[in-house]
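File shown here: structure-v2.csv, holding CSV, C-alpha atoms.
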chain,number,residue,atom,x,y,z
A,18,MET,CA,0.0,0.0,0.0
A,19,VAL,CA,1.2,3.5,-0.8
A,20,GLY,CA,2.7,5.2,2.3
A,21,ILE,CA,3.1,2.0,4.3
A,22,ILE,CA,5.7,0.0,2.5
A,23,PRO,CA,8.9,2.0,1.9
A,24,SER,CA,9.8,2.4,-1.7
A,25,ASN,CA,12.7,0.4,-3.0
A,26,PRO,CA,15.1,2.3,-5.3
A,27,ASP,CA,15.9,-0.8,-7.3
A,28,SER,CA,12.2,-1.5,-7.7
A,29,ARG,CA,11.6,2.1,-9.0
A,30,LYS,CA,14.5,1.6,-11.5
A,31,LEU,CA,12.9,-1.7,-12.7
A,32,ASP,CA,9.5,-0.1,-13.1
A,33,SER,CA,11.1,2.7,-15.1
A,34,THR,CA,12.8,0.2,-17.4
A,35,VAL,CA,9.6,-1.8,-17.9
A,36,GLU,CA,7.7,1.4,-18.7
A,37,GLU,CA,10.4,2.4,-21.2
A,38,GLU,CA,10.1,-1.0,-22.9
A,39,ARG,CA,6.3,-0.7,-23.1
A,40,ARG,CA,6.7,2.7,-24.8
A,41,LYS,CA,8.9,1.2,-27.4
A,42,MET,CA,6.4,-1.6,-28.1
A,43,ARG,CA,3.5,0.8,-28.6
A,44,PHE,CA,2.1,1.4,-32.0
A,45,LYS,CA,2.6,5.0,-33.0
A,46,ILE,CA,-0.7,5.8,-34.6
A,47,PRO,CA,-2.5,9.1,-35.2
A,48,LYS,CA,-5.1,10.3,-32.7
A,49,LEU,CA,-7.9,9.9,-35.4
A,50,ALA,CA,-6.9,6.3,-35.8
A,51,ARG,CA,-7.0,5.7,-32.0
A,52,SER,CA,-10.4,7.3,-31.9
A,53,PHE,CA,-11.6,5.0,-34.7
A,54,LEU,CA,-10.4,1.9,-32.8
A,55,ALA,CA,-11.9,3.1,-29.5
A,56,GLU,CA,-15.3,3.8,-31.1
A,57,LEU,CA,-15.2,0.4,-32.9
A,58,ILE,CA,-14.4,-1.7,-29.7
A,59,GLY,CA,-16.7,0.5,-27.6
A,60,THR,CA,-19.7,0.0,-30.0
A,61,PHE,CA,-18.8,-3.6,-30.2
A,62,ALA,CA,-19.2,-4.0,-26.5
A,63,LEU,CA,-22.4,-2.0,-26.4
A,64,VAL,CA,-24.1,-4.1,-29.1
A,65,LEU,CA,-22.7,-7.4,-28.0
A,66,LEU,CA,-23.8,-7.0,-24.4
A,67,GLY,CA,-27.0,-5.1,-25.2
A,68,ASP,CA,-28.3,-7.4,-27.9
A,69,GLY,CA,-27.0,-10.3,-25.7
A,70,ALA,CA,-29.5,-9.2,-23.0
A,71,VAL,CA,-32.3,-9.2,-25.7
A,72,ALA,CA,-31.2,-12.7,-26.9
A,73,GLN,CA,-31.3,-14.1,-23.4
A,74,VAL,CA,-34.9,-12.9,-22.9
A,75,VAL,CA,-36.2,-13.8,-26.4
A,76,LEU,CA,-34.4,-17.1,-26.9
A,77,GLY,CA,-34.8,-18.1,-23.2
A,78,GLN,CA,-38.6,-17.8,-23.5
A,79,GLY,CA,-38.4,-19.7,-26.8
A,80,ILE,CA,-36.4,-22.6,-25.4
A,81,LYS,CA,-37.7,-22.9,-21.8
A,82,GLY,CA,-41.2,-21.6,-22.3
A,83,ASP,CA,-41.0,-19.4,-19.2
A,84,TYR,CA,-39.6,-16.1,-18.0
A,85,PHE,CA,-36.6,-17.5,-16.1
A,86,PHE,CA,-34.4,-15.1,-18.1
A,87,GLY,CA,-36.7,-12.2,-17.4
A,88,GLY,CA,-38.5,-9.7,-19.6
A,89,PHE,CA,-38.2,-6.1,-20.8
A,90,LEU,CA,-36.8,-4.9,-17.5
A,91,ASN,CA,-33.8,-7.2,-18.0
A,92,ILE,CA,-33.3,-5.7,-21.5
A,93,ALA,CA,-33.5,-2.1,-20.3
A,94,ILE,CA,-31.0,-2.7,-17.5
A,95,GLY,CA,-28.8,-4.8,-19.7
A,96,TYR,CA,-28.6,-2.1,-22.4
A,97,GLY,CA,-27.9,0.5,-19.8
A,98,LEU,CA,-25.0,-1.5,-18.4
A,99,ALA,CA,-23.8,-2.3,-21.9
A,100,LEU,CA,-23.5,1.4,-22.7
A,101,MET,CA,-21.7,1.9,-19.4
A,102,VAL,CA,-19.1,-0.8,-20.4
A,103,GLY,CA,-18.7,0.7,-23.9
A,104,ILE,CA,-18.0,4.2,-22.5
A,105,LEU,CA,-15.6,2.8,-19.9
A,106,ILE,CA,-13.7,1.1,-22.8
A,107,SER,CA,-13.6,4.1,-25.2
A,108,GLY,CA,-14.4,7.2,-23.2
A,109,GLY,CA,-10.9,8.3,-22.4
A,110,VAL,CA,-9.8,8.0,-26.0
A,111,SER,CA,-12.7,9.1,-28.2
A,112,GLY,CA,-15.2,10.4,-25.8
A,113,GLY,CA,-17.3,7.2,-26.1
A,114,HIS,CA,-20.0,8.3,-28.5
A,115,LEU,CA,-20.9,4.8,-29.7
A,116,ASN,CA,-23.8,6.3,-31.6
A,117,PRO,CA,-23.9,8.2,-34.9
A,118,ALA,CA,-26.6,10.4,-33.7
A,119,VAL,CA,-24.5,11.5,-30.7
A,120,THR,CA,-21.5,12.1,-33.0
A,121,VAL,CA,-23.6,14.3,-35.3
A,122,ALA,CA,-24.9,16.2,-32.2
A,123,MET,CA,-21.4,16.8,-30.9
A,124,ALA,CA,-20.3,18.0,-34.3
A,125,CYS,CA,-23.2,20.5,-34.3
A,126,LEU,CA,-22.0,21.9,-31.0
A,127,LYS,CA,-18.4,22.1,-32.3
A,128,LYS,CA,-17.3,19.6,-29.7
A,129,LEU,CA,-16.1,17.4,-32.5
A,130,ARG,CA,-14.3,18.3,-35.8
A,131,LEU,CA,-16.2,17.7,-39.0
A,132,VAL,CA,-13.3,15.5,-40.3
A,133,GLU,CA,-13.8,13.2,-37.3
A,134,VAL,CA,-17.5,12.6,-38.0
A,135,PRO,CA,-17.2,10.0,-40.8
A,136,VAL,CA,-14.4,8.3,-39.0
A,137,TYR,CA,-16.5,7.9,-35.8
A,138,MET,CA,-19.5,6.8,-37.8
A,139,VAL,CA,-17.7,4.1,-39.8
A,140,ALA,CA,-16.2,2.7,-36.6
A,141,GLN,CA,-19.6,2.6,-35.0
A,142,TYR,CA,-21.3,0.8,-37.8
A,143,VAL,CA,-18.4,-1.7,-38.2
A,144,GLY,CA,-18.3,-2.4,-34.4
A,145,ALA,CA,-22.0,-3.0,-34.3
A,146,PHE,CA,-21.9,-5.3,-37.3
A,147,VAL,CA,-19.1,-7.4,-35.9
A,148,ALA,CA,-20.8,-7.6,-32.5
A,149,ALA,CA,-24.0,-8.9,-34.2
A,150,LEU,CA,-22.0,-11.4,-36.1
A,151,VAL,CA,-20.3,-12.7,-32.9
A,152,LEU,CA,-23.7,-12.8,-31.2
A,153,ARG,CA,-25.2,-14.7,-34.2
A,154,GLY,CA,-22.6,-17.4,-33.8
A,155,ALA,CA,-22.9,-17.6,-30.0
A,156,TYR,CA,-26.7,-18.1,-30.1
A,157,ALA,CA,-26.9,-20.0,-33.4
A,158,ASP,CA,-28.2,-23.2,-31.8
A,159,ALA,CA,-30.6,-21.3,-29.5
A,160,ILE,CA,-32.0,-19.5,-32.6
A,161,ARG,CA,-32.4,-22.8,-34.4
A,162,ILE,CA,-34.2,-24.4,-31.4
A,163,THR,CA,-36.5,-21.4,-30.9
A,164,GLU,CA,-37.4,-21.3,-34.6
A,165,LYS,CA,-37.8,-25.1,-34.8
A,166,THR,CA,-37.1,-24.8,-38.6
A,167,THR,CA,-34.4,-23.6,-40.9
A,168,ASN,CA,-36.7,-20.8,-42.1
A,169,TYR,CA,-36.0,-17.9,-39.8
A,170,THR,CA,-38.9,-15.6,-38.9
A,171,SER,CA,-40.0,-12.6,-36.8
A,172,ALA,CA,-39.8,-14.9,-33.8
A,173,THR,CA,-36.1,-14.2,-33.6
A,174,TYR,CA,-35.1,-11.3,-35.7
A,175,GLY,CA,-36.0,-9.0,-32.9
A,176,VAL,CA,-32.9,-10.2,-31.1
A,177,PHE,CA,-30.8,-8.0,-33.4
A,178,ALA,CA,-32.9,-5.0,-34.3
A,179,SER,CA,-35.9,-3.1,-33.2
A,180,TYR,CA,-39.5,-3.4,-34.5
A,181,PRO,CA,-42.8,-1.8,-33.7
A,182,SER,CA,-44.8,-3.7,-31.1
A,183,SER,CA,-48.0,-3.4,-33.1
A,184,SER,CA,-48.7,-2.9,-36.8
A,185,GLU,CA,-51.4,-0.4,-35.7
A,186,ILE,CA,-48.8,2.1,-34.4
A,187,GLY,CA,-48.5,4.8,-37.1
A,188,MET,CA,-45.4,6.1,-38.7
A,189,VAL,CA,-45.8,9.5,-37.1
A,190,SER,CA,-45.8,8.0,-33.6
A,191,LEU,CA,-42.8,5.8,-34.5
A,192,ALA,CA,-40.9,8.8,-35.9
A,193,MET,CA,-41.6,11.0,-32.9
A,194,ASP,CA,-40.6,8.1,-30.6
A,195,GLN,CA,-37.1,7.8,-32.2
A,196,MET,CA,-36.4,11.5,-32.3
A,197,LEU,CA,-37.7,12.1,-28.7
A,198,GLY,CA,-35.7,9.2,-27.2
A,199,THR,CA,-32.5,10.3,-28.9
A,200,ALA,CA,-33.0,14.0,-27.9
A,201,ILE,CA,-33.4,12.9,-24.3
A,202,LEU,CA,-30.3,10.7,-24.5
A,203,VAL,CA,-28.2,13.6,-25.8
A,204,LEU,CA,-29.6,15.9,-23.1
A,205,ILE,CA,-28.5,13.4,-20.5
A,206,ILE,CA,-25.0,13.1,-22.0
A,207,LEU,CA,-24.5,16.8,-22.1
A,208,ALA,CA,-25.8,17.4,-18.6
A,209,VAL,CA,-23.6,14.6,-17.1
A,210,THR,CA,-20.5,15.9,-18.9
A,211,ASP,CA,-21.1,19.6,-18.4
A,212,PRO,CA,-18.5,20.8,-15.8
A,213,LYS,CA,-20.5,23.9,-15.0
A,214,ASN,CA,-23.7,21.9,-14.2
A,215,MET,CA,-23.6,19.2,-11.5
A,216,GLN,CA,-19.8,18.8,-11.6
A,217,ILE,CA,-20.0,15.1,-11.8
A,218,SER,CA,-16.8,13.1,-11.3
A,219,SER,CA,-15.6,11.6,-14.6
A,220,SER,CA,-15.5,8.1,-13.0
A,221,LEU,CA,-19.3,8.3,-12.6
A,222,VAL,CA,-20.1,9.5,-16.1
A,223,PRO,CA,-20.3,6.0,-17.8
A,224,LEU,CA,-22.7,4.7,-15.0
A,225,LEU,CA,-25.0,7.7,-15.1
A,226,ILE,CA,-25.2,7.8,-18.9
A,227,GLY,CA,-26.0,4.1,-18.8
A,228,LEU,CA,-28.7,4.6,-16.2
A,229,GLY,CA,-30.1,7.4,-18.4
A,230,LEU,CA,-30.4,5.0,-21.3
A,231,THR,CA,-32.2,2.5,-19.0
A,232,SER,CA,-34.6,5.2,-18.0
A,233,ILE,CA,-35.4,6.0,-21.6
A,234,HIS,CA,-36.0,2.3,-22.3
A,235,LEU,CA,-38.3,2.0,-19.3
A,236,SER,CA,-40.3,5.1,-20.4
A,237,PHE,CA,-40.3,4.8,-24.2
A,238,GLY,CA,-39.7,1.1,-25.0
A,239,LEU,CA,-43.4,0.3,-25.9
A,240,ASN,CA,-43.7,1.7,-29.4
A,241,ALA,CA,-40.6,0.1,-30.9
A,242,GLY,CA,-38.0,-0.9,-28.3
A,243,SER,CA,-36.3,2.5,-28.2
A,244,ALA,CA,-33.3,1.8,-30.4
A,245,ILE,CA,-32.3,5.5,-30.6
A,246,ASN,CA,-28.9,4.5,-32.2
A,247,PRO,CA,-28.6,4.1,-36.0
A,248,ALA,CA,-25.5,1.9,-35.8
A,249,ARG,CA,-27.0,-0.3,-33.0
A,250,ASP,CA,-30.1,-0.9,-35.1
A,251,PHE,CA,-29.0,-0.9,-38.8
A,252,SER,CA,-25.8,-2.9,-38.6
A,253,PRO,CA,-27.4,-5.9,-36.8
A,254,ARG,CA,-30.4,-5.6,-39.1
A,255,LEU,CA,-28.1,-5.9,-42.1
A,256,LEU,CA,-26.5,-8.9,-40.5
A,257,THR,CA,-29.9,-10.6,-40.3
A,258,VAL,CA,-30.6,-9.9,-43.9
A,259,LEU,CA,-27.3,-11.6,-44.8
A,260,SER,CA,-27.5,-14.5,-42.5
A,261,GLY,CA,-30.9,-16.3,-42.9
A,262,TRP,CA,-33.8,-13.9,-42.5
A,263,GLY,CA,-33.9,-12.7,-46.1
A,264,THR,CA,-35.5,-9.3,-46.7
A,265,GLN,CA,-38.0,-9.5,-43.8
A,266,PRO,CA,-35.9,-7.2,-41.5
A,267,LEU,CA,-36.1,-4.5,-44.2
A,268,THR,CA,-39.7,-5.0,-45.4
A,269,ALA,CA,-41.3,-5.5,-42.0
A,270,ASN,CA,-43.9,-3.0,-40.8
A,271,ASP,CA,-44.0,-1.1,-44.2
A,272,TYR,CA,-40.3,-0.7,-44.4
A,273,TRP,CA,-40.0,0.8,-41.0
A,274,PHE,CA,-36.2,0.3,-40.9
A,275,TRP,CA,-35.4,3.7,-42.2
A,276,ILE,CA,-37.0,5.4,-39.1
A,277,PRO,CA,-34.5,4.1,-36.5
A,278,TRP,CA,-31.7,4.4,-39.0
A,279,LEU,CA,-32.2,8.1,-40.0
A,280,LEU,CA,-34.4,10.0,-37.6
A,281,PRO,CA,-32.3,9.7,-34.4
A,282,HIS,CA,-29.8,12.1,-36.1
A,283,ILE,CA,-32.5,14.7,-36.1
A,284,GLY,CA,-33.4,14.0,-32.5
A,285,GLY,CA,-29.8,14.2,-31.4
A,286,ILE,CA,-29.4,17.6,-33.0
A,287,VAL,CA,-32.6,18.8,-31.3
A,288,GLY,CA,-31.4,17.6,-27.9
A,289,ALA,CA,-28.0,19.2,-28.4
A,290,LEU,CA,-29.4,22.6,-29.4
A,291,THR,CA,-32.0,22.4,-26.6
A,292,TYR,CA,-29.3,21.9,-23.9
A,293,GLU,CA,-27.0,24.5,-25.5
A,294,ILE,CA,-29.7,27.2,-25.7
A,295,LEU,CA,-31.5,26.6,-22.4
A,296,ILE,CA,-28.7,25.5,-20.1
A,297,GLU,CA,-25.1,25.8,-21.3
A,298,LEU,CA,-25.3,29.3,-22.8
A,299,ASN,CA,-27.0,30.5,-19.5
A,300,HIS,CA,-24.3,29.5,-17.1
A,301,PRO,CA,-23.1,32.6,-15.2
A,302,GLU,CA,-19.5,33.5,-15.3
A,303,ASP,CA,-19.4,33.4,-11.6
A,304,ASP,CA,-21.9,31.9,-9.2
A,305,LEU,CA,-24.0,34.7,-7.6
A,306,LYS,CA,-24.2,34.4,-3.9
A,307,LEU,CA,-27.4,35.7,-2.4
Could I get this structure in the form of structure tokens?
Amino acid sequence: MVGIIPSNPDSRKLDSTVEEERRKMRFKIPKLARSFLAELIGTFALVLLGDGAVAQVVLGQGIKGDYFFGGFLNIAIGYGLALMVGILISGGVSGGHLNPAVTVAMACLKKLRLVEVPVYMVAQYVGAFVAALVLRGAYADAIRITEKTTNYTSATYGVFASYPSSSEIGMVSLAMDQMLGTAILVLIILAVTDPKNMQISSSLVPLLIGLGLTSIHLSFGLNAGSAINPARDFSPRLLTVLSGWGTQPLTANDYWFWIPWLLPHIGGIVGALTYEILIELNHPEDDLKL
């Protein structure tokens, strides 16, 4: 323990030598490339663990015929914790966006350079696709058992992407649902990371943003599962198209797929501008003491 065991000069010299060797072994890559890798692995963790929570609930019910693996509450908590893990992995390098809508929102606020936007977004889509591919392999047998046939259906494609809970829910409601949920997510992110607001410790940021996502799921999951992340929804959806479900994931619910793919970007911008105008621009230079 520091301060209890006296320091050994030889030990310090050894540590210095080891650190020097590590520095020599490190790849010297540009910051933009490091951000790309961070967003890729962070989004990979988000989708793998988040969709993994969905898989346990859906496939668990399909195989066991009961609710041993829980219900929507498990998915909401699982996705919140998955976001926490993704931010913990990538936050110190890239900021831990893990969501194209968040990236666009940050660029609008000039918190991210425009040249970085496509780099972040490509990393997010690739990370989400690879995660879905790994999850597809991990649960291949469970999917087959649940389907009871080689013709995959809507019974299992919801593991990977979001779909409306009812065909009677209109496109206007679904569009508003995606924009509103994403706007709230961006509001939460900006509030938690604003040093002039609650002054939250950086070590708590991943947990609080993850809990914010859980809150959104618990409040707005009914209409269509509250995807509010284009990469998290579209990349796994594309994987299902390529790996056994055919065009169903694209044609389902009157081609609804474009709504969670495109409209969260608008919601993210609305959320960012709302926080900027109503909160951030109104911070006093110095706190007024009454």
- request: Write out as a PyMOL selection string each polymer residue whose atoms come within 9 Å of stretch 269-286 of chain A, counting all atoms listed in the file; drop sequence neighbours fewer than 6 positions from it.
  value: chain A and resi 117-123+125-126+171+179-181+183-184+188+191-193+195-204+243-251+254
message: Using only C-alpha atoms - which residues lie no farther than 12 Å from the point (-31.2, -14.6, -42.6) in the file's frame? Write them as a ChimeraX atom specification.
response: /A:150,153,157,160-161,167-171,173-174,177,253-267
task: Kindly indicate which residue among A:Ile46, A:Ala208, A:Ile94, A:Ile104 lies nearest to A:Ala289, using all atoms listed in the file for the distances.
output: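 Residue with the minimum atom-to-atom distance to A:Ala289: A:Ala208.
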Nearest to A:Ile106, chosen from A:Leu290, A:Val134, A:Ile58, A:Leu235, with all atoms listed in the file counted in the distances: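 The closest residue to A:Ile106 is A:Ile58.
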field: Between atom CA of A:Glu164 and atom CA of A:Val75 - distance in Å to one decimal
entry: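 The value is 11.2 Å.
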Of the listed residues A:Val74, A:Leu131, A:Ile294, A:Val189, that which approaches A:Asn240 most closely, counting only C-alpha atoms: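 Among A:Val74, A:Leu131, A:Ile294, A:Val189, it is A:Val189 that comes nearest to A:Asn240.
Picture a line from atom CA of A:Leu239 to atom CA of A:Ile186; it runs 10.2 Å.
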- request: For each of A:Ala124, A:Ala70, A:Val222, A:Ala148, take the minimum atom-to-atom distance to A:Gly175, counting all atoms listed in the file, then give the residue where this is smallest.
  value: A:Ala70
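Of the residues under consideration (A:Val110, A:Ala72, A:Val64, A:Leu98), A:Val110 shows the shortest atom-to-atom contact distance to A:Ser52 when counting all atoms listed in the file.
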message: Ranking A:Tyr142, A:Tyr292, A:Tyr137, A:Phe89 by minimum distance to A:Ala50 and counting only C-alpha atoms, which one comes first?
response: A:Tyr137
message: One decimal, in Å: what's the spacing between atom CA of A:Phe85 and atom CA of A:Ala155?
response: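 Interatomic distance, atom CA of A:Phe85 to atom CA of A:Ala155: 19.5 Å.
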